[in-house]
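For reference, upload.cif (mmCIF, C-alpha atoms):
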data_entry
loop_
_atom_site.group_PDB
_atom_site.id
_atom_site.type_symbol
_atom_site.label_atom_id
_atom_site.label_comp_id
_atom_site.auth_asym_id
_atom_site.auth_seq_id
_atom_site.Cartn_x
_atom_site.Cartn_y
_atom_site.Cartn_z
ATOM 1 C CA MET M 1 -3.166 -21.976 13.400
ATOM 2 C CA GLU M 2 -6.794 -22.783 12.612
ATOM 3 C CA ILE M 3 -7.769 -24.758 9.503
ATOM 4 C CA LEU M 4 -11.311 -24.850 8.139
ATOM 5 C CA THR M 5 -12.661 -26.665 5.102
ATOM 6 C CA LEU M 6 -15.778 -25.503 3.293
ATOM 7 C CA SER M 7 -17.685 -27.913 1.110
ATOM 8 C CA GLY M 8 -21.173 -26.796 0.223
ATOM 9 C CA GLU M 9 -22.852 -26.144 3.552
ATOM 10 C CA ASP M 10 -20.433 -28.342 5.511
ATOM 11 C CA VAL M 11 -17.726 -26.677 7.622
ATOM 12 C CA GLY M 12 -14.956 -28.736 9.210
ATOM 13 C CA ARG M 13 -12.009 -27.986 11.480
ATOM 14 C CA HIS M 14 -8.703 -29.788 10.990
ATOM 15 C CA ARG M 15 -5.144 -30.087 12.279
ATOM 16 C CA PRO M 16 -2.013 -28.884 10.417
ATOM 17 C CA GLU M 17 -0.976 -32.502 9.806
ATOM 18 C CA GLU M 18 -4.006 -32.937 7.540
ATOM 19 C CA LEU M 19 -3.089 -30.133 5.148
ATOM 20 C CA ASP M 20 -1.558 -32.348 2.468
ATOM 21 C CA THR M 21 -4.702 -34.461 2.296
ATOM 22 C CA LEU M 22 -7.012 -31.452 2.364
ATOM 23 C CA LEU M 23 -5.270 -29.730 -0.528
ATOM 24 C CA THR M 24 -5.828 -32.734 -2.788
ATOM 25 C CA GLY M 25 -9.586 -32.612 -2.203
ATOM 26 C CA ASP M 26 -12.302 -30.417 -3.664
ATOM 27 C CA ALA M 27 -13.126 -28.481 -0.488
ATOM 28 C CA LEU M 28 -12.178 -24.841 -0.023
ATOM 29 C CA VAL M 29 -9.389 -24.657 2.579
ATOM 30 C CA TRP M 30 -8.990 -21.687 4.913
ATOM 31 C CA VAL M 31 -5.861 -21.431 7.085
ATOM 32 C CA ASP M 32 -5.844 -18.672 9.711
ATOM 33 C CA VAL M 33 -2.451 -17.848 11.266
ATOM 34 C CA PRO M 34 -2.544 -15.702 14.453
ATOM 35 C CA SER M 35 1.050 -14.556 13.938
ATOM 36 C CA TRP M 36 3.697 -15.469 11.390
ATOM 37 C CA ASP M 37 6.712 -17.260 12.844
ATOM 38 C CA ASP M 38 9.235 -19.918 11.830
ATOM 39 C CA ALA M 39 6.793 -22.708 12.646
ATOM 40 C CA ALA M 40 4.064 -21.231 10.455
ATOM 41 C CA ALA M 41 6.557 -20.583 7.667
ATOM 42 C CA ALA M 42 7.772 -24.198 7.813
ATOM 43 C CA VAL M 43 4.229 -25.548 7.559
ATOM 44 C CA LEU M 44 2.896 -23.223 4.863
ATOM 45 C CA THR M 45 5.668 -21.867 2.637
ATOM 46 C CA ASP M 46 6.513 -25.015 0.668
ATOM 47 C CA ARG M 47 2.979 -26.461 0.624
ATOM 48 C CA PHE M 48 1.423 -23.327 -0.869
ATOM 49 C CA GLY M 49 4.395 -22.039 -2.866
ATOM 50 C CA ILE M 50 4.581 -18.777 -0.922
ATOM 51 C CA HIS M 51 7.274 -16.441 -2.229
ATOM 52 C CA PRO M 52 10.058 -15.641 0.300
ATOM 53 C CA ARG M 53 9.414 -11.930 -0.088
ATOM 54 C CA ALA M 54 5.736 -12.364 0.769
ATOM 55 C CA ALA M 55 6.667 -14.539 3.750
ATOM 56 C CA GLY M 56 9.007 -11.768 4.917
ATOM 57 C CA ASP M 57 6.196 -9.213 4.600
ATOM 58 C CA CYS M 58 4.032 -11.373 6.865
ATOM 59 C CA ALA M 59 6.713 -11.354 9.558
ATOM 60 C CA ARG M 60 6.954 -7.556 9.780
ATOM 61 C CA ARG M 61 4.606 -4.608 9.904
ATOM 62 C CA ASN M 62 3.739 -3.073 6.541
ATOM 63 C CA PRO M 63 2.999 0.671 6.655
ATOM 64 C CA VAL M 64 0.751 0.719 3.571
ATOM 65 C CA PRO M 65 -1.601 -1.768 1.866
ATOM 66 C CA LYS M 66 -0.128 -3.669 -1.064
ATOM 67 C CA VAL M 67 -0.814 -6.423 -3.573
ATOM 68 C CA HIS M 68 1.607 -8.838 -5.232
ATOM 69 C CA VAL M 69 0.418 -11.213 -7.937
ATOM 70 C CA TYR M 70 2.201 -14.575 -8.151
ATOM 71 C CA PRO M 71 1.563 -17.441 -10.595
ATOM 72 C CA GLN M 72 -0.545 -19.506 -8.173
ATOM 73 C CA HIS M 73 -1.874 -16.922 -5.737
ATOM 74 C CA VAL M 74 -2.336 -13.245 -4.885
ATOM 75 C CA PHE M 75 -0.809 -11.678 -1.775
ATOM 76 C CA VAL M 76 -2.793 -8.772 -0.267
ATOM 77 C CA VAL M 77 -1.934 -6.581 2.724
ATOM 78 C CA LEU M 78 -4.753 -4.557 4.326
ATOM 79 C CA HIS M 79 -5.233 -2.539 7.496
ATOM 80 C CA ALA M 80 -8.147 -2.153 9.886
ATOM 81 C CA PRO M 81 -8.441 0.714 12.412
ATOM 82 C CA GLU M 82 -8.474 0.448 16.187
ATOM 83 C CA LEU M 83 -8.945 3.595 18.242
ATOM 84 C CA GLY M 84 -6.282 4.018 20.923
ATOM 85 C CA ALA M 85 -5.450 6.514 23.652
ATOM 86 C CA ARG M 86 -5.482 10.292 23.064
ATOM 87 C CA GLY M 87 -6.956 10.010 19.565
ATOM 88 C CA HIS M 88 -4.288 7.658 18.204
ATOM 89 C CA VAL M 89 -5.528 5.121 15.649
ATOM 90 C CA HIS M 90 -3.704 1.778 15.508
ATOM 91 C CA TYR M 91 -3.192 0.036 12.168
ATOM 92 C CA VAL M 92 -4.241 -3.602 12.592
ATOM 93 C CA GLU M 93 -2.741 -5.578 9.719
ATOM 94 C CA LEU M 94 -4.451 -8.456 7.931
ATOM 95 C CA ASP M 95 -2.465 -10.310 5.242
ATOM 96 C CA GLN M 96 -4.134 -12.699 2.791
ATOM 97 C CA PHE M 97 -2.862 -15.279 0.320
ATOM 98 C CA VAL M 98 -5.678 -16.002 -2.123
ATOM 99 C CA GLY M 99 -5.131 -19.205 -4.083
ATOM 100 C CA PRO M 100 -7.277 -21.228 -6.499
ATOM 101 C CA ASN M 101 -9.057 -23.264 -3.783
ATOM 102 C CA TRP M 102 -7.432 -22.046 -0.599
ATOM 103 C CA LEU M 103 -7.041 -18.904 1.476
ATOM 104 C CA ILE M 104 -4.417 -18.085 4.096
ATOM 105 C CA THR M 105 -4.983 -15.192 6.492
ATOM 106 C CA VAL M 106 -2.119 -13.887 8.617
ATOM 107 C CA HIS M 107 -2.484 -11.359 11.395
ATOM 108 C CA GLY M 108 0.445 -8.974 11.269
ATOM 109 C CA PRO M 109 2.574 -7.954 14.245
ATOM 110 C CA LEU M 110 0.554 -5.927 16.771
ATOM 111 C CA ASN M 111 1.385 -2.902 18.833
ATOM 112 C CA PRO M 112 1.688 -4.122 22.467
ATOM 113 C CA ALA M 113 -1.065 -1.663 23.410
ATOM 114 C CA VAL M 114 -3.579 -3.492 21.164
ATOM 115 C CA PRO M 115 -5.319 -6.594 22.609
ATOM 116 C CA SER M 116 -4.769 -9.762 20.584
ATOM 117 C CA GLU M 117 -8.492 -10.330 20.054
ATOM 118 C CA VAL M 118 -8.667 -7.063 18.107
ATOM 119 C CA ALA M 119 -6.581 -8.610 15.308
ATOM 120 C CA THR M 120 -8.967 -11.551 14.837
ATOM 121 C CA GLN M 121 -12.160 -9.512 14.748
ATOM 122 C CA GLU M 122 -12.822 -9.992 11.006
ATOM 123 C CA THR M 123 -11.725 -13.616 10.782
ATOM 124 C CA GLY M 124 -13.655 -14.521 13.928
ATOM 125 C CA SER M 125 -16.804 -12.877 12.603
ATOM 126 C CA VAL M 126 -16.579 -14.658 9.243
ATOM 127 C CA ALA M 127 -15.838 -18.024 10.924
ATOM 128 C CA ARG M 128 -18.952 -17.692 13.097
ATOM 129 C CA ARG M 129 -21.069 -16.913 10.039
ATOM 130 C CA LEU M 130 -19.671 -19.977 8.294
ATOM 131 C CA GLU M 131 -20.356 -22.303 11.226
ATOM 132 C CA THR M 132 -23.883 -20.982 11.737
ATOM 133 C CA GLY M 133 -24.714 -21.427 8.060
ATOM 134 C CA ARG M 134 -25.214 -17.730 7.272
ATOM 135 C CA LEU M 135 -22.334 -17.613 4.772
ATOM 136 C CA HIS M 136 -21.599 -20.059 1.938
ATOM 137 C CA PRO M 137 -18.526 -19.017 -0.098
ATOM 138 C CA ARG M 138 -17.779 -21.294 -3.008
ATOM 139 C CA THR M 139 -14.343 -19.974 -3.973
ATOM 140 C CA ALA M 140 -11.337 -18.358 -2.315
ATOM 141 C CA PRO M 141 -12.213 -14.923 -3.787
ATOM 142 C CA ASP M 142 -15.703 -15.281 -2.263
ATOM 143 C CA LEU M 143 -14.165 -15.908 1.157
ATOM 144 C CA CYS M 144 -11.716 -13.048 0.687
ATOM 145 C CA PHE M 145 -14.638 -10.807 -0.243
ATOM 146 C CA ALA M 146 -16.417 -11.724 3.000
ATOM 147 C CA LEU M 147 -13.319 -10.855 5.052
ATOM 148 C CA VAL M 148 -12.772 -7.532 3.306
ATOM 149 C CA THR M 149 -16.454 -6.666 3.750
ATOM 150 C CA ALA M 150 -16.053 -7.315 7.477
ATOM 151 C CA LEU M 151 -13.006 -5.036 7.457
ATOM 152 C CA THR M 152 -14.910 -2.207 5.762
ATOM 153 C CA GLY M 153 -17.575 -2.774 8.401
ATOM 154 C CA ARG M 154 -15.002 -1.980 11.080
ATOM 155 C CA LEU M 155 -14.096 1.182 9.197
ATOM 156 C CA ARG M 156 -17.764 2.172 9.099
ATOM 157 C CA ASP M 157 -18.183 1.445 12.817
ATOM 158 C CA LEU M 158 -15.268 3.701 13.710
ATOM 159 C CA LEU M 159 -16.586 6.342 11.312
ATOM 160 C CA SER M 160 -19.967 6.168 13.068
ATOM 161 C CA ASP M 161 -18.343 6.620 16.497
ATOM 162 C CA LEU M 162 -16.288 9.544 15.254
ATOM 163 C CA THR M 163 -19.368 11.122 13.663
ATOM 164 C CA GLU M 164 -21.141 11.030 17.037
ATOM 165 C CA ASP M 165 -18.106 12.802 18.505
ATOM 166 C CA VAL M 166 -18.354 15.408 15.751
ATOM 167 C CA TRP M 167 -22.004 16.070 16.579
ATOM 168 C CA ARG M 168 -21.252 16.358 20.307
ATOM 169 C CA LEU M 169 -18.372 18.769 19.720
ATOM 170 C CA GLU M 170 -20.447 20.846 17.297
ATOM 171 C CA ARG M 171 -23.189 21.220 19.917
ATOM 172 C CA GLN M 172 -20.612 22.337 22.480
ATOM 173 C CA VAL M 173 -19.157 24.908 20.080
ATOM 174 C CA THR M 174 -22.489 26.405 19.042
ATOM 175 C CA ALA M 175 -23.642 26.515 22.667
ATOM 176 C CA GLY M 176 -20.404 28.142 23.779
ATOM 177 C CA HIS M 177 -19.551 25.379 26.277
ATOM 178 C CA GLY M 178 -16.065 24.474 25.134
ATOM 179 C CA GLY M 179 -14.516 24.463 28.594
ATOM 180 C CA ASP M 180 -10.731 24.586 28.763
ATOM 181 C CA PRO M 181 -9.684 25.852 25.295
ATOM 182 C CA GLU M 182 -6.459 23.844 25.152
ATOM 183 C CA GLN M 183 -8.121 20.564 26.078
ATOM 184 C CA PHE M 184 -11.115 21.260 23.837
ATOM 185 C CA LEU M 185 -8.908 22.001 20.822
ATOM 186 C CA GLU M 186 -6.964 18.809 21.474
ATOM 187 C CA GLU M 187 -10.212 16.852 21.419
ATOM 188 C CA LEU M 188 -11.340 18.555 18.211
ATOM 189 C CA PHE M 189 -8.105 17.783 16.412
ATOM 190 C CA GLY M 190 -8.042 14.234 17.833
ATOM 191 C CA VAL M 191 -11.410 13.473 16.220
ATOM 192 C CA ARG M 192 -10.264 15.093 12.982
ATOM 193 C CA HIS M 193 -7.173 12.885 13.015
ATOM 194 C CA GLY M 194 -9.378 9.795 13.399
ATOM 195 C CA LEU M 195 -11.506 10.817 10.413
ATOM 196 C CA LEU M 196 -8.385 11.508 8.377
ATOM 197 C CA THR M 197 -7.052 8.042 9.246
ATOM 198 C CA VAL M 198 -10.279 6.324 8.183
ATOM 199 C CA GLY M 199 -10.264 8.230 4.909
ATOM 200 C CA THR M 200 -6.608 7.407 4.263
ATOM 201 C CA MET M 201 -7.067 3.694 5.001
ATOM 202 C CA SER M 202 -10.064 3.546 2.700
ATOM 203 C CA ALA M 203 -8.337 5.393 -0.138
ATOM 204 C CA LEU M 204 -5.181 3.253 -0.031
ATOM 205 C CA SER M 205 -7.130 -0.012 0.199
ATOM 206 C CA ARG M 206 -9.343 1.041 -2.709
ATOM 207 C CA GLU M 207 -6.241 1.569 -4.837
ATOM 208 C CA VAL M 208 -5.055 -1.964 -4.024
ATOM 209 C CA PHE M 209 -8.272 -3.552 -5.263
ATOM 210 C CA GLY M 210 -8.378 -1.176 -8.209
ATOM 211 C CA ARG M 211 -4.992 -2.542 -9.231
ATOM 212 C CA MET M 212 -6.280 -6.105 -8.822
ATOM 213 C CA SER M 213 -9.259 -5.257 -11.020
ATOM 214 C CA THR M 214 -6.965 -3.820 -13.683
ATOM 215 C CA LEU M 215 -4.829 -6.959 -13.647
ATOM 216 C CA ASP M 216 -7.986 -9.117 -13.749
ATOM 217 C CA VAL M 217 -6.579 -11.461 -11.103
ATOM 218 C CA TRP M 218 -10.046 -12.923 -10.410
ATOM 219 C CA PRO M 219 -11.662 -13.593 -13.786
ATOM 220 C CA GLY M 220 -15.374 -14.189 -14.187
ATOM 221 C CA ASN M 221 -17.464 -13.334 -11.130
ATOM 222 C CA GLY M 222 -14.314 -12.181 -9.332
ATOM 223 C CA HIS M 223 -14.286 -8.970 -11.345
ATOM 224 C CA ALA M 224 -17.682 -8.036 -9.874
ATOM 225 C CA LEU M 225 -16.367 -8.794 -6.378
ATOM 226 C CA LEU M 226 -13.391 -6.491 -6.905
ATOM 227 C CA ALA M 227 -15.653 -3.713 -8.199
ATOM 228 C CA ASP M 228 -17.884 -4.123 -5.135
ATOM 229 C CA ILE M 229 -14.914 -3.933 -2.754
ATOM 230 C CA GLU M 230 -13.626 -0.842 -4.536
ATOM 231 C CA ASP M 231 -17.031 0.781 -4.156
ATOM 232 C CA GLN M 232 -17.175 -0.061 -0.437
ATOM 233 C CA PHE M 233 -13.831 1.579 0.256
ATOM 234 C CA ARG M 234 -14.663 4.545 -1.960
ATOM 235 C CA ARG M 235 -17.923 5.245 -0.144
ATOM 236 C CA VAL M 236 -16.397 4.904 3.327
ATOM 237 C CA GLY M 237 -13.570 7.231 2.290
ATOM 238 C CA ALA M 238 -16.008 9.781 0.862
ATOM 239 C CA MET M 239 -18.112 9.770 4.035
ATOM 240 C CA ALA M 240 -15.009 10.163 6.200
ATOM 241 C CA GLU M 241 -13.814 13.057 4.060
ATOM 242 C CA GLY M 242 -17.244 14.717 4.279
ATOM 243 C CA GLN M 243 -17.265 14.447 8.067
ATOM 244 C CA ARG M 244 -13.690 15.734 8.253
ATOM 245 C CA GLU M 245 -14.593 18.816 6.210
ATOM 246 C CA TYR M 246 -17.631 19.394 8.420
ATOM 247 C CA LEU M 247 -15.504 19.108 11.564
ATOM 248 C CA GLN M 248 -12.937 21.468 10.036
ATOM 249 C CA GLY M 249 -15.739 24.012 9.681
ATOM 250 C CA VAL M 250 -16.599 23.519 13.366
ATOM 251 C CA ILE M 251 -12.938 24.008 14.299
ATOM 252 C CA GLU M 252 -12.735 27.204 12.238
ATOM 253 C CA PHE M 253 -15.983 28.440 13.834
ATOM 254 C CA TYR M 254 -14.549 27.823 17.305
ATOM 255 C CA GLN M 255 -11.193 29.397 16.493
ATOM 256 C CA THR M 256 -12.840 32.436 14.871
ATOM 257 C CA ARG M 257 -15.044 32.970 17.914
ATOM 258 C CA THR M 258 -12.060 32.631 20.256
ATOM 259 C CA ASN M 259 -9.906 34.964 18.158
ATOM 260 C CA THR M 260 -12.725 37.512 17.992
ATOM 261 C CA LYS M 261 -13.070 37.513 21.779
ATOM 262 C CA MET M 262 -9.332 38.001 22.138
ATOM 263 C CA MET M 263 -9.362 40.828 19.591
ATOM 264 C CA ILE M 264 -12.234 42.597 21.375
ATOM 265 C CA ALA M 265 -10.458 42.218 24.701
ATOM 266 C CA ALA M 266 -7.255 43.619 23.177
ATOM 267 C CA GLU M 267 -9.155 46.604 21.768
ATOM 268 C CA ARG M 268 -10.738 47.366 25.141
ATOM 269 C CA LEU M 269 -7.385 47.098 26.855
ATOM 270 C CA ALA M 270 -5.958 49.456 24.237
ATOM 271 C CA VAL M 271 -8.744 51.977 24.964
ATOM 272 C CA ILE M 272 -8.056 51.757 28.689
ATOM 273 C CA ALA M 273 -4.353 52.278 28.076
ATOM 274 C CA ALA M 274 -5.058 55.219 25.753
ATOM 275 C CA VAL M 275 -7.346 56.852 28.324
ATOM 276 C CA THR M 276 -4.901 56.488 31.192
ATOM 277 C CA LEU M 277 -1.768 57.376 29.220
ATOM 278 C CA PRO M 278 -2.194 61.217 29.141
ATOM 279 C CA VAL M 279 -3.343 61.202 32.756
ATOM 280 C CA THR M 280 -0.284 59.204 33.772
ATOM 281 C CA ALA M 281 2.011 61.431 31.770
ATOM 282 C CA LEU M 282 0.539 64.627 33.207
ATOM 283 C CA SER M 283 0.587 63.350 36.773
ATOM 284 C CA SER M 284 4.204 62.282 36.392
ATOM 285 C CA ILE M 285 5.269 65.686 35.096
ATOM 286 C CA VAL M 286 3.300 67.545 37.741
ATOM 287 C CA GLY M 287 4.527 65.268 40.491
ATOM 288 C CA MET M 288 8.145 65.792 39.577
ATOM 289 C CA ASN M 289 8.090 69.495 38.686
ATOM 290 C CA VAL M 290 5.052 71.331 40.142
ATOM 291 C CA ILE M 291 3.857 69.880 43.433
ATOM 292 C CA VAL M 292 6.680 70.972 45.723
ATOM 293 C CA ASN M 293 4.626 72.823 48.333
ATOM 294 C CA ALA M 294 4.484 72.050 52.028
ATOM 295 C CA ARG M 295 0.701 71.830 51.845
ATOM 296 C CA THR M 296 -1.979 71.002 49.273
ATOM 297 C CA HIS M 297 -3.320 73.879 47.197
ATOM 298 C CA VAL M 298 -6.902 72.935 46.495
ATOM 299 C CA GLY M 299 -7.248 75.305 43.579
ATOM 300 C CA GLN M 300 -4.220 73.967 41.758
ATOM 301 C CA LEU M 301 -5.265 70.373 42.446
ATOM 302 C CA THR M 302 -8.771 71.074 41.135
ATOM 303 C CA VAL M 303 -7.389 72.564 37.937
ATOM 304 C CA LEU M 304 -5.063 69.599 37.400
ATOM 305 C CA LEU M 305 -7.816 67.027 37.991
ATOM 306 C CA THR M 306 -10.116 68.927 35.632
ATOM 307 C CA VAL M 307 -7.455 68.928 32.929
ATOM 308 C CA MET M 308 -6.950 65.184 33.429
ATOM 309 C CA ALA M 309 -10.684 64.502 33.172
ATOM 310 C CA VAL M 310 -10.965 66.604 29.998
ATOM 311 C CA MET M 311 -8.014 64.800 28.427
ATOM 312 C CA SER M 312 -9.486 61.369 29.284
ATOM 313 C CA ALA M 313 -12.887 62.367 27.943
ATOM 314 C CA ALA M 314 -11.323 63.627 24.719
ATOM 315 C CA VAL M 315 -9.471 60.313 24.260
ATOM 316 C CA LEU M 316 -12.706 58.374 24.921
ATOM 317 C CA VAL M 317 -14.595 60.432 22.321
ATOM 318 C CA TRP M 318 -11.798 59.941 19.808
ATOM 319 C CA ALA M 319 -11.755 56.156 20.447
ATOM 320 C CA ARG M 320 -15.535 56.042 20.061
ATOM 321 C CA ARG M 321 -15.380 57.792 16.699
ATOM 322 C CA LYS M 322 -12.749 55.267 15.598
ATOM 323 C CA GLY M 323 -15.149 52.456 16.540
ATOM 324 C CA TRP M 324 -12.840 50.885 19.093
ATOM 325 C CA TRP M 325 -15.601 50.415 21.682
#
Let me see the structure of the file written as structure tokens.
Amino acid sequence: MEILTLSGEDVGRHRPEELDTLLTGDALVWVDVPSWDDAAAAVLTDRFGIHPRAAGDCARRNPVPKVHVYPQHVFVVLHAPELGARGHVHYVELDQFVGPNWLITVHGPLNPAVPSEVATQETGSVARRLETGRLHPRTAPDLCFALVTALTGRLRDLLSDLTEDVWRLERQVTAGHGGDPEQFLEELFGVRHGLLTVGTMSALSREVFGRMSTLDVWPGNGHALLADIEDQFRRVGAMAEGQREYLQGVIEFYQTRTNTKMMIAAERLAVIAAVTLPVTALSSIVGMNVIVNARTHVGQLTVLLTVMAVMSAAVLVWARRKGWW
């Protein structure tokens, strides 16, 4: 685990053995845990008064964001997106214990397909800003706010990438260059799934911080921080929903065009079948019952071909009047 102390503009790194001393001081303490295990639980649970249920939540994957308010701290579970193979979006979990003058961040269990550095993207970014002097949080809620803002930034980045995909697919649809229909539809729905995931993550996370605002877990300036976080998630979710609706229109445009082409082709095939049906029927009857001569009678053949041509022409005229071609 990594331990940082923040005092004014000073940032220090420390070892786990120094925790007892650090907690008695005035500095803001930030403990970042790459993965929760028995060793981390032994070091942190008793020192920070972490509830056993919250410790258990850190050890397993949580499918939805959540918040639990305890007497001395608030436990928050959030998710960040990571785009995977074939349009799948991984849920990268970030758990936080927000205390009076300390913050613990825990990176939840990862899918083996997700690189470990993906989980520390937000915490690494905030730590670099702290060490370069670009960020000066004074309280644990301030530091939590910085981390959540970095997380909404990842949501916006993925939304931006997906929006570029939407534009590219829309240009292909309007230009009629979809390529293989099955593969193209899979790509369309893959991008739509990504937008739906971003919108869902944003909506669920917004509800978590809305609950925290209702409970007034961060009095004073903390209420403004919670309102800001809510607004960030709400705006990202609204933009994702807008792009998803736009892409749905593109999908419907593509499907309507494809269905129209298939319908026109079916109508033309029906006309061809209608034209050839009387000819086939007549030739079958004649072949089985009339043409039994040892040689061809040109006159009879001419009459039969003329009748066939007239019948086909009549069917074509009838189909034209019906508007089938």
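Residues with any atom within 7 Å of the point (-0.5, -12.6, 3.5), counting all atoms listed in the file, are Ala54, Cys58, Phe75, Val76, Val77, Asp95, Gln96, Phe97, Ile104, Thr105 and Val106 of chain M.
Atom pair atom CA of M:Tyr246 / atom CA of M:Glu230 has a distance of 24.4 Å (rounded to one decimal).
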Practice task
Step by step, work through what the PyMOL selection byres ((chain M and resi 225-227) around 9) selects in the shown file, and finish by giving those residues as JSON, numbers by chain.
Solution key: {"M": [141, 142, 145, 209, 210, 212, 213, 218, 221, 222, 223, 224, 228, 229, 230, 231, 232]}
What would the file look like if the residues just selected were written as an mmCIF file, keeping the file's coordinate frame with C-alpha atoms?
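Printed below is again-v5.cif as written:
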data_model
loop_
_atom_site.group_PDB
_atom_site.id
_atom_site.type_symbol
_atom_site.label_atom_id
_atom_site.label_comp_id
_atom_site.auth_asym_id
_atom_site.auth_seq_id
_atom_site.Cartn_x
_atom_site.Cartn_y
_atom_site.Cartn_z
ATOM 1 C CA PRO M 141 -12.213 -14.923 -3.787
ATOM 2 C CA ASP M 142 -15.703 -15.281 -2.263
ATOM 3 C CA PHE M 145 -14.638 -10.807 -0.243
ATOM 4 C CA PHE M 209 -8.272 -3.552 -5.263
ATOM 5 C CA GLY M 210 -8.378 -1.176 -8.209
ATOM 6 C CA MET M 212 -6.280 -6.105 -8.822
ATOM 7 C CA SER M 213 -9.259 -5.257 -11.020
ATOM 8 C CA TRP M 218 -10.046 -12.923 -10.410
ATOM 9 C CA ASN M 221 -17.464 -13.334 -11.130
ATOM 10 C CA GLY M 222 -14.314 -12.181 -9.332
ATOM 11 C CA HIS M 223 -14.286 -8.970 -11.345
ATOM 12 C CA ALA M 224 -17.682 -8.036 -9.874
ATOM 13 C CA ASP M 228 -17.884 -4.123 -5.135
ATOM 14 C CA ILE M 229 -14.914 -3.933 -2.754
ATOM 15 C CA GLU M 230 -13.626 -0.842 -4.536
ATOM 16 C CA ASP M 231 -17.031 0.781 -4.156
ATOM 17 C CA GLN M 232 -17.175 -0.061 -0.437
#
Exercise for the section: Could you state which residues are captured by the PyMOL selection byres ((chain M and resi 156) around 12) in this file, as a ChimeraX atom specification? Expected result: /M:80-82,149-155,157-163,195,198-199,201-202,232-240
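Distances from M:Leu304, M:Val166, M:Leu135, M:Ala119 to M:Gly242 were compared using all atoms listed in the file, and the smallest one belongs to M:Val166.
Each of M:Ile272, M:Leu277, M:Leu169, M:Leu19 was checked against M:Gln248 using all atoms listed in the file; the smallest atom-to-atom distance is that of M:Leu169.
Taking atom CA of M:Val191 as the reference point, atom CA of M:Gly87 is found at 6.6 Å.
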Handout entry: Nearest to M:Asp10, chosen from M:Arg134, M:Arg257, M:His73, M:Arg53, with all atoms listed in the file counted in the distances
Key = M:Arg134
As AutoDock Vina command-line options, what would the box around stretch 125-135 of chain M look like: edges along x, y and z, 8 Å added on every side, centre and edge lengths in Å to one decimal?
--center_x -20.5 --center_y -17.6 --center_z 8.9 --size_x 25.4 --size_y 25.4 --size_z 24.3
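Our summary of the geometry notes that atom CA of M:Trp167 is positioned 13.9 Å from atom CA of M:Tyr254.
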Handout entry: Explicit residues for the PyMOL selection byres ((chain M and resi 55) around 10) (as a ChimeraX atom specification)
Key = /M:36-37,40-41,44-45,50-54,56-60,75
Problem - Pick from M:Gly25, M:Pro109, M:Gly99, M:Pro219, whichever lies nearest to M:Cys144 using all atoms listed in the file - result: M:Gly99
Handout entry: 12 Å contact set for M:Gly190, all atoms listed in the file, chain neighbours under 5 positions out, as number ranges by chain
Key = M: 83-89, 162, 165-166, 169, 183-185, 195-197, 244, 247-248, 251
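Of the residues under consideration (M:Ala266, M:Leu305, M:Leu130, M:Val31), M:Leu130 shows the shortest atom-to-atom contact distance to M:Ser7 when counting only C-alpha atoms.
You can rank M:Leu4, M:Thr214, M:Lys66, M:Thr306 by their closest distance to M:Val279 using only C-alpha atoms, and at the top of that list sits M:Thr306.
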So that I can see what lies close to M:Thr139, please list as a compact mmCIF listing (two decimals) with C-alpha atoms, keeping the file's coordinate frame the residues with an atom at most 8 Å from it, counting all atoms listed in the file and leaving out residues fewer than 2 positions away in the same chain.
# COMPACT_ATOMS: atom_id res chain seq x y z
CA LEU M 28 -12.18 -24.84 -0.02
CA PRO M 100 -7.28 -21.23 -6.50
CA ASN M 101 -9.06 -23.26 -3.78
CA TRP M 102 -7.43 -22.05 -0.60
CA PRO M 137 -18.53 -19.02 -0.10
CA PRO M 141 -12.21 -14.92 -3.79
CA ASP M 142 -15.70 -15.28 -2.26
CA LEU M 143 -14.16 -15.91 1.16
Practice task
Pick out the residues sitting within 6 Å of M:Leu103, and hand them over as number ranges by chain; count only C-alpha atoms, and ignore anything fewer than 5 positions along from it in its own chain.
Solution key: M: 30, 97-98, 140
